[in-house]
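Q: My structure is in target02.tsv, and what it holds is TSV, C-alpha atoms and all ligand atoms:
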```tsv
chain	number	residue	atom	x	y	z
R	28	MET	CA	48.78	14.79	33.96
R	29	LEU	CA	51.93	16.81	33.67
R	30	GLU	CA	52.70	19.18	36.49
R	31	HIS	CA	53.46	21.93	34.07
R	32	TYR	CA	52.47	22.17	30.42
R	33	PRO	CA	54.78	24.20	28.19
R	34	THR	CA	52.81	27.28	27.16
R	35	ILE	CA	53.60	30.34	25.07
R	36	GLU	CA	51.45	33.40	25.55
R	37	GLY	CA	51.53	34.56	21.93
R	38	LEU	CA	54.00	35.29	19.15
R	39	ASP	CA	54.12	38.99	20.01
R	40	ARG	CA	56.52	38.38	22.92
R	41	SER	CA	60.20	39.27	22.61
R	42	GLU	CA	62.13	37.06	20.23
R	43	LYS	CA	64.54	36.06	22.99
R	44	HIS	CA	61.71	34.91	25.22
R	45	LEU	CA	59.97	33.01	22.42
R	46	VAL	CA	63.16	31.25	21.38
R	47	GLU	CA	63.80	30.09	24.95
R	48	GLU	CA	60.24	28.86	25.48
R	49	VAL	CA	60.02	27.09	22.12
R	50	LYS	CA	63.37	25.44	22.76
R	51	LYS	CA	62.20	24.17	26.13
R	52	GLY	CA	58.85	22.98	24.80
R	53	LEU	CA	60.26	21.13	21.82
R	54	SER	CA	63.35	19.60	23.41
R	55	GLN	CA	61.67	18.52	26.66
R	56	PHE	CA	58.17	17.67	25.51
R	57	GLY	CA	57.95	17.65	21.71
R	58	PHE	CA	54.96	19.99	21.94
R	59	PHE	CA	53.76	23.26	23.41
R	60	TYR	CA	50.58	25.27	23.74
R	61	ILE	CA	50.41	28.68	22.18
R	62	LYS	CA	47.80	31.38	22.55
R	63	ASP	CA	45.29	31.24	19.70
R	64	THR	CA	45.93	34.73	18.36
R	65	ILE	CA	44.51	33.83	14.93
R	66	GLU	CA	41.20	32.76	16.50
R	67	ALA	CA	41.46	29.39	14.84
R	68	ARG	CA	39.32	27.74	17.48
R	69	LYS	CA	36.48	30.08	16.71
R	70	LYS	CA	36.85	30.21	12.94
R	71	ILE	CA	38.05	26.82	11.75
R	72	ASP	CA	34.61	25.31	11.08
R	73	LYS	CA	33.64	28.24	8.91
R	74	GLN	CA	37.02	28.18	7.16
R	75	LEU	CA	36.49	24.53	6.28
R	76	GLU	CA	33.65	25.51	4.00
R	77	ASN	CA	36.20	27.05	1.64
R	78	LEU	CA	38.18	23.91	1.11
R	79	GLN	CA	39.28	22.93	-2.35
R	80	SER	CA	39.29	19.33	-3.48
R	81	SER	CA	40.76	17.07	-0.84
R	82	VAL	CA	42.62	13.76	-1.04
R	83	ASP	CA	43.37	10.88	1.28
R	84	VAL	CA	46.96	11.13	2.57
R	85	TYR	CA	49.17	9.28	5.02
R	86	TYR	CA	49.78	11.55	7.99
R	87	GLY	CA	51.33	9.35	10.67
R	88	GLU	CA	53.78	6.62	11.55
R	89	ASP	CA	53.21	3.85	14.03
R	90	ALA	CA	54.98	4.85	17.27
R	91	TYR	CA	56.76	1.50	17.57
R	92	THR	CA	57.30	0.16	14.07
R	93	GLY	CA	57.52	3.40	12.08
R	94	GLN	CA	55.00	1.92	9.66
R	95	GLY	CA	53.02	4.67	8.00
R	96	SER	CA	50.23	2.97	6.12
R	97	VAL	CA	47.88	2.74	9.10
R	98	PHE	CA	47.25	6.42	9.62
R	99	HIS	CA	45.56	8.33	6.89
R	100	GLY	CA	42.83	10.89	6.47
R	101	THR	CA	41.28	13.34	4.05
R	102	TYR	CA	43.06	16.65	3.65
R	103	SER	CA	43.30	19.66	1.37
R	104	ARG	CA	46.75	20.96	0.59
R	105	PHE	CA	47.55	24.66	0.26
R	106	GLU	CA	50.78	25.96	-1.26
R	107	ASP	CA	50.39	29.58	-0.28
R	108	GLY	CA	48.17	31.96	1.65
R	109	GLU	CA	46.23	33.29	-1.33
R	110	ASN	CA	43.04	31.62	-0.20
R	111	LEU	CA	41.65	34.02	2.40
R	112	ALA	CA	40.63	31.20	4.73
R	113	VAL	CA	44.19	29.95	5.10
R	114	LYS	CA	46.01	33.29	5.00
R	115	PRO	CA	46.19	33.77	8.80
R	116	TYR	CA	47.75	30.32	9.13
R	117	PHE	CA	50.53	31.09	6.66
R	118	GLY	CA	51.50	34.21	8.60
R	119	PHE	CA	51.37	32.33	11.88
R	120	ILE	CA	53.34	29.32	10.62
R	121	SER	CA	55.99	31.43	8.95
R	122	LYS	CA	56.67	33.32	12.20
R	123	LEU	CA	56.63	30.06	14.12
R	124	LEU	CA	59.12	28.45	11.73
R	125	GLU	CA	61.46	31.40	12.25
R	126	ILE	CA	61.34	31.00	16.02
R	127	ILE	CA	61.76	27.23	15.84
R	128	SER	CA	64.75	27.69	13.50
R	129	LEU	CA	66.41	30.02	16.00
R	130	ALA	CA	65.49	27.76	18.93
R	131	LEU	CA	67.29	24.87	17.24
R	132	GLY	CA	70.37	26.93	16.48
R	133	TYR	CA	69.69	27.45	12.76
R	134	PRO	CA	69.50	30.77	10.90
R	135	LYS	CA	66.06	32.36	11.02
R	136	GLU	CA	65.05	31.42	7.45
R	137	PHE	CA	66.28	27.84	7.74
R	138	LEU	CA	62.99	25.96	8.17
R	139	GLN	CA	61.23	28.03	5.52
R	140	GLU	CA	63.99	27.16	3.10
R	141	PHE	CA	63.88	23.51	4.19
R	142	SER	CA	60.11	23.56	3.63
R	143	ARG	CA	60.60	24.86	0.09
R	144	GLN	CA	63.18	22.22	-0.70
R	145	GLN	CA	61.02	19.45	0.76
R	146	ASN	CA	57.89	20.72	-0.96
R	147	CYS	CA	56.02	21.26	2.30
R	148	GLY	CA	52.53	22.71	2.24
R	149	PHE	CA	49.67	23.30	4.58
R	150	TYR	CA	47.08	20.55	5.09
R	151	ILE	CA	43.60	21.14	6.43
R	152	TYR	CA	41.43	18.18	7.32
R	153	ASP	CA	38.17	17.59	5.59
R	154	ARG	CA	35.19	16.03	7.28
R	155	GLU	CA	33.34	13.29	5.50
R	156	ALA	CA	29.67	12.78	6.27
R	157	GLU	CA	30.31	9.07	6.85
R	158	TYR	CA	32.93	9.84	9.48
R	159	ILE	CA	30.74	12.34	11.28
R	160	GLU	CA	28.06	9.67	11.49
R	161	TYR	CA	30.57	7.14	12.83
R	162	ILE	CA	31.89	9.31	15.68
R	163	LYS	CA	28.40	9.86	17.05
R	164	GLY	CA	28.30	6.24	18.17
R	165	ALA	CA	31.92	5.85	19.32
R	166	ASP	CA	32.87	4.81	22.85
R	167	ALA	CA	34.32	7.70	24.89
R	168	GLN	CA	37.04	5.69	26.64
R	169	GLU	CA	38.28	3.45	23.90
R	170	VAL	CA	41.52	4.37	22.11
R	171	SER	CA	40.28	5.33	18.66
R	172	ILE	CA	43.57	6.50	17.13
R	173	GLY	CA	46.49	4.30	18.21
R	174	PRO	CA	49.97	5.49	19.24
R	175	HIS	CA	51.71	7.32	16.43
R	176	LYS	CA	53.93	10.22	15.46
R	177	ASP	CA	52.77	12.70	12.87
R	178	ARG	CA	54.66	12.71	9.59
R	179	SER	CA	54.99	16.48	9.61
R	180	LEU	CA	57.46	19.21	10.32
R	181	ILE	CA	54.93	20.58	12.75
R	182	THR	CA	51.30	19.78	13.49
R	183	ILE	CA	48.90	22.48	14.62
R	184	ILE	CA	46.12	21.09	16.77
R	185	ILE	CA	43.26	23.53	16.95
R	186	SER	CA	41.20	21.45	19.32
R	187	ILE	CA	40.86	17.85	20.38
R	188	ALA	CA	39.32	15.76	23.14
R	189	GLY	CA	40.87	12.64	24.67
R	190	PHE	CA	44.37	13.50	23.49
R	191	GLU	CA	47.26	11.74	25.24
R	192	GLY	CA	51.03	11.99	24.96
R	193	TYR	CA	53.63	9.46	26.00
R	194	LYS	CA	56.82	9.82	27.98
R	195	GLN	CA	58.90	6.92	29.23
R	196	GLU	CA	59.02	8.32	32.78
R	197	LEU	CA	55.29	9.04	32.91
R	198	GLY	CA	53.58	6.60	30.66
R	199	TRP	CA	50.48	7.97	28.93
R	200	PHE	CA	49.35	11.37	30.13
R	201	SER	CA	46.52	13.68	29.17
R	202	ILE	CA	47.19	16.70	26.96
R	203	PRO	CA	44.00	18.64	27.60
R	204	ASP	CA	42.12	20.83	25.20
R	205	ARG	CA	42.53	24.37	26.49
R	206	GLU	CA	40.17	27.22	25.72
R	207	GLY	CA	42.06	30.09	24.05
R	208	TYR	CA	45.07	27.96	23.11
R	209	ILE	CA	46.12	25.77	20.24
R	210	MET	CA	48.88	23.19	20.31
R	211	ILE	CA	52.00	22.80	18.24
R	212	GLN	CA	53.66	19.42	18.13
R	213	ALA	CA	56.83	18.20	16.49
R	214	GLY	CA	56.54	15.58	13.77
R	215	THR	CA	58.95	13.10	12.24
R	216	LEU	CA	60.35	15.54	9.64
R	217	LEU	CA	61.58	17.76	12.47
R	218	GLN	CA	62.84	14.76	14.41
R	219	ASP	CA	64.81	13.47	11.42
R	220	LEU	CA	66.19	16.89	10.56
R	221	THR	CA	67.48	17.45	14.11
R	222	GLN	CA	68.72	13.86	14.36
R	223	GLY	CA	66.50	13.26	17.35
R	224	ALA	CA	67.36	16.44	19.31
R	225	VAL	CA	63.65	17.17	18.95
R	226	LYS	CA	61.55	14.07	19.41
R	227	ALA	CA	58.27	13.84	17.54
R	228	ASN	CA	55.50	13.74	20.13
R	229	VAL	CA	54.12	10.21	20.45
R	230	HIS	CA	50.37	10.49	20.91
R	231	ARG	CA	47.06	8.67	20.75
R	232	VAL	CA	43.41	9.65	20.99
R	233	ARG	CA	40.83	8.26	23.38
R	234	GLY	CA	37.13	8.38	22.59
R	235	PHE	CA	35.90	9.50	19.20
R	236	ASP	CA	38.47	11.45	17.28
R	237	SER	CA	37.25	15.02	17.38
R	238	SER	CA	40.62	16.36	16.35
R	239	LYS	CA	40.96	19.51	14.34
R	240	ALA	CA	44.56	19.05	13.31
R	241	LEU	CA	46.50	20.79	10.56
R	242	PHE	CA	49.85	19.70	9.17
R	243	TRP	CA	52.81	21.59	7.78
R	244	SER	CA	54.29	18.76	5.76
R	245	ASN	CA	54.68	16.96	2.44
R	246	LEU	CA	52.21	14.13	2.89
R	247	ALA	CA	52.05	11.22	0.45
R	248	PRO	CA	48.65	10.50	-1.12
R	249	VAL	CA	47.09	7.10	-0.52
R	250	LYS	CA	47.16	5.25	-3.82
G	301	FE	FE	48.50	12.59	15.08
```
Kindly present the structure from the file in structure tokens form.
Ligand SMILES: [Fe+2]

A:
Amino acid sequence: MLEHYPTIEGLDRSEKHLVEEVKKGLSQFGFFYIKDTIEARKKIDKQLENLQSSVDVYYGEDAYTGQGSVFHGTYSRFEDGENLAVKPYFGFISKLLEIISLALGYPKEFLQEFSRQQNCGFYIYDREAEYIEYIKGADAQEVSIGPHKDRSLITIIISIAGFEGYKQELGWFSIPDREGYIMIQAGTLLQDLTQGAVKANVHRVRGFDSSKALFWSNLAPVK
């Protein structure tokens, strides 16, 4: 366990405060919790019912080798917030990108502009019946998703059990699921852009993967 988990009590705080907290969270930990002001924890399952056609995409890189072909899953990509189910996320992410831009010393619009240039979109996971059947029988202690970094600018984790981060000084430590909060973690696009000033959070999942994770990224489809 960490002694203190970086936590932001909502995007309605003063910009100065948010910038400082985001800076601390990303540079020291590569992730932070943020209050779930869009009620994603409550609404995500319902919102999933509105998904458009989804595809299998590569979402992660092996933490040690950088190899990406191991980690893939089924996701729907959204380009804008026109679909009512994803609209709250677009507002939330756009504000978040502004704060992260400022926290990293860029102009406010920088990461939005970067996202446009890099063709980033919003990815929501899809659940396949087969997978849901599989997780019912999974062992609770076994590492089900091995160490990796997400291939995203940021990942938004709505909820997850058995989630662990890695720090050299600490080894593996638990990043608990917290009622009322979601988690933002840095991915490899942000790490590359900042030349390592922000390190993508290395993580793994113990037990069955119950993760409800969303990516802001430009993920490559599995061919
Ligand atoms: Fe991940």

Q: Point out the residue among R:Lys226, R:Lys250, R:Lys176, R:Lys194 with the least atom-to-atom distance to ligand FE 301 (chain G), counting all atoms listed in the file.

A: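 Once distances to ligand FE 301 (chain G) are computed over all atoms listed in the file, the minimum belongs to R:Lys176.
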
Q: Quick one: distance from atom CA of Ala227 of chain R to atom CA of Gly118 of chain R in Å, one decimal?

A: 23.3 Å

Q: Please, which residues have at least one atom within 8 Å of an atom of ligand FE 301 (chain G), using all atoms listed in the file, listed as an mmCIF file with C-alpha atoms, in the frame of the given file?

A:
```
data_model
loop_
_atom_site.group_PDB
_atom_site.id
_atom_site.type_symbol
_atom_site.label_atom_id
_atom_site.label_comp_id
_atom_site.auth_asym_id
_atom_site.auth_seq_id
_atom_site.Cartn_x
_atom_site.Cartn_y
_atom_site.Cartn_z
ATOM 1 C CA TYR R 86 49.780 11.550 7.990
ATOM 2 C CA GLY R 87 51.330 9.350 10.670
ATOM 3 C CA HIS R 175 51.710 7.320 16.430
ATOM 4 C CA LYS R 176 53.930 10.220 15.460
ATOM 5 C CA ASP R 177 52.770 12.700 12.870
ATOM 6 C CA THR R 182 51.300 19.780 13.490
ATOM 7 C CA HIS R 230 50.370 10.490 20.910
ATOM 8 C CA ARG R 231 47.060 8.670 20.750
ATOM 9 C CA ALA R 240 44.560 19.050 13.310
#
```

Q: Return the single residue from R:Val84, R:Ser121, R:Thr221, R:Tyr152 that is closest to Gln139 of chain R, with distances computed using all atoms listed in the file.

A: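 Among the listed residues, the smallest separation from Gln139 of chain R belongs to R:Ser121.
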
Q: Given all atoms listed in the file as the basis, pick out the residue of R:Leu29, R:Ser41, R:Val82, R:Gly214 nearest to Gly198 of chain R.

A: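 Ranking R:Leu29, R:Ser41, R:Val82, R:Gly214 by distance to Gly198 of chain R, first place goes to R:Leu29.
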
Q: So which one's closest to Lys51 of chain R, R:Glu140, R:Val113, R:Pro33, R:Thr64? Using only C-alpha atoms, please.

A: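 Answer, going by the shortest atom-to-atom distance: R:Pro33.
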
Q: Which one is closest to Arg178 of chain R: R:Gly95, R:Gly108, R:Pro115, R:Gly52? Count only C-alpha atoms.

A: R:Gly95

Q: Compare R:Tyr32, R:Phe235, R:Phe105, R:Phe119 by their minimum atom-to-atom distance to Asn77 of chain R, counting all atoms listed in the file, and give me the closest one.

A: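 Using all atoms listed in the file, the shortest distance to Asn77 of chain R belongs to R:Phe105.
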
Q: What does the distance between atom CA of Arg233 of chain R and atom CA of Glu169 of chain R come to in Å, to one decimal place?

A: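 For atom CA of Arg233 of chain R relative to atom CA of Glu169 of chain R, the distance reads 5.5 Å.
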
Q: Residues near Glu36 of chain R, anyone? I mean within 12 Å using only C-alpha atoms, not counting same-chain ones fewer than 5 positions away, as a PDB file with C-alpha atoms, in the coordinates of the input.

A:
```pdb
ATOM      1  CA  SER R  41      60.200  39.270  22.610  1.00  0.00           C
ATOM      2  CA  HIS R  44      61.710  34.910  25.220  1.00  0.00           C
ATOM      3  CA  LEU R  45      59.970  33.010  22.420  1.00  0.00           C
ATOM      4  CA  GLU R  48      60.240  28.860  25.480  1.00  0.00           C
ATOM      5  CA  VAL R  49      60.020  27.090  22.120  1.00  0.00           C
ATOM      6  CA  PHE R  59      53.760  23.260  23.410  1.00  0.00           C
ATOM      7  CA  TYR R  60      50.580  25.270  23.740  1.00  0.00           C
ATOM      8  CA  ILE R  61      50.410  28.680  22.180  1.00  0.00           C
ATOM      9  CA  LYS R  62      47.800  31.380  22.550  1.00  0.00           C
ATOM     10  CA  ASP R  63      45.290  31.240  19.700  1.00  0.00           C
ATOM     11  CA  THR R  64      45.930  34.730  18.360  1.00  0.00           C
ATOM     12  CA  GLY R 207      42.060  30.090  24.050  1.00  0.00           C
ATOM     13  CA  TYR R 208      45.070  27.960  23.110  1.00  0.00           C
ATOM     14  CA  ILE R 209      46.120  25.770  20.240  1.00  0.00           C
ATOM     15  CA  MET R 210      48.880  23.190  20.310  1.00  0.00           C
TER      16      MET R 210
END
```

Q: Would you mind listing what lies within 9 Å of Pro203 of chain R as a list in words, with only C-alpha atoms counted and same-chain residues fewer than 3 positions away left out?

A: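 Contacts, with the query itself left out: Met28, Ile187, Ala188, Gly189, Phe190 and Glu191 of chain R.
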
Q: List the spatial neighbours of Ala247 of chain R as an mmCIF file with C-alpha atoms, keeping the file's coordinate frame - criterion: any atom at most 7 Å away, only C-alpha atoms, same-chain residues fewer than 2 positions off excluded.

A:
```
data_model
loop_
_atom_site.group_PDB
_atom_site.id
_atom_site.type_symbol
_atom_site.label_atom_id
_atom_site.label_comp_id
_atom_site.auth_asym_id
_atom_site.auth_seq_id
_atom_site.Cartn_x
_atom_site.Cartn_y
_atom_site.Cartn_z
ATOM 1 C CA VAL R 84 46.960 11.130 2.570
ATOM 2 C CA TYR R 85 49.170 9.280 5.020
ATOM 3 C CA ASN R 245 54.680 16.960 2.440
ATOM 4 C CA VAL R 249 47.090 7.100 -0.520
#
```

Q: Quick one: distance from atom CA of Val229 of chain R to atom CA of Gly100 of chain R in Å, one decimal?

A: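 Computing it gives 18.0 Å between the two atoms.
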
Q: I'd like the contact shell of segment 135-137 of chain R - 12 Å cut-off, all atoms listed in the file, skipping same-chain residues fewer than 6 positions apart - returned as a list of chain:residue names.

A: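 Neighbouring residues, sequence-local ones excluded: R:Glu42, R:Val46, R:Ser121, R:Lys122, R:Leu123, R:Leu124, R:Glu125, R:Ile126, R:Ile127, R:Ser128, R:Leu129, R:Arg143, R:Gln144, R:Leu220.
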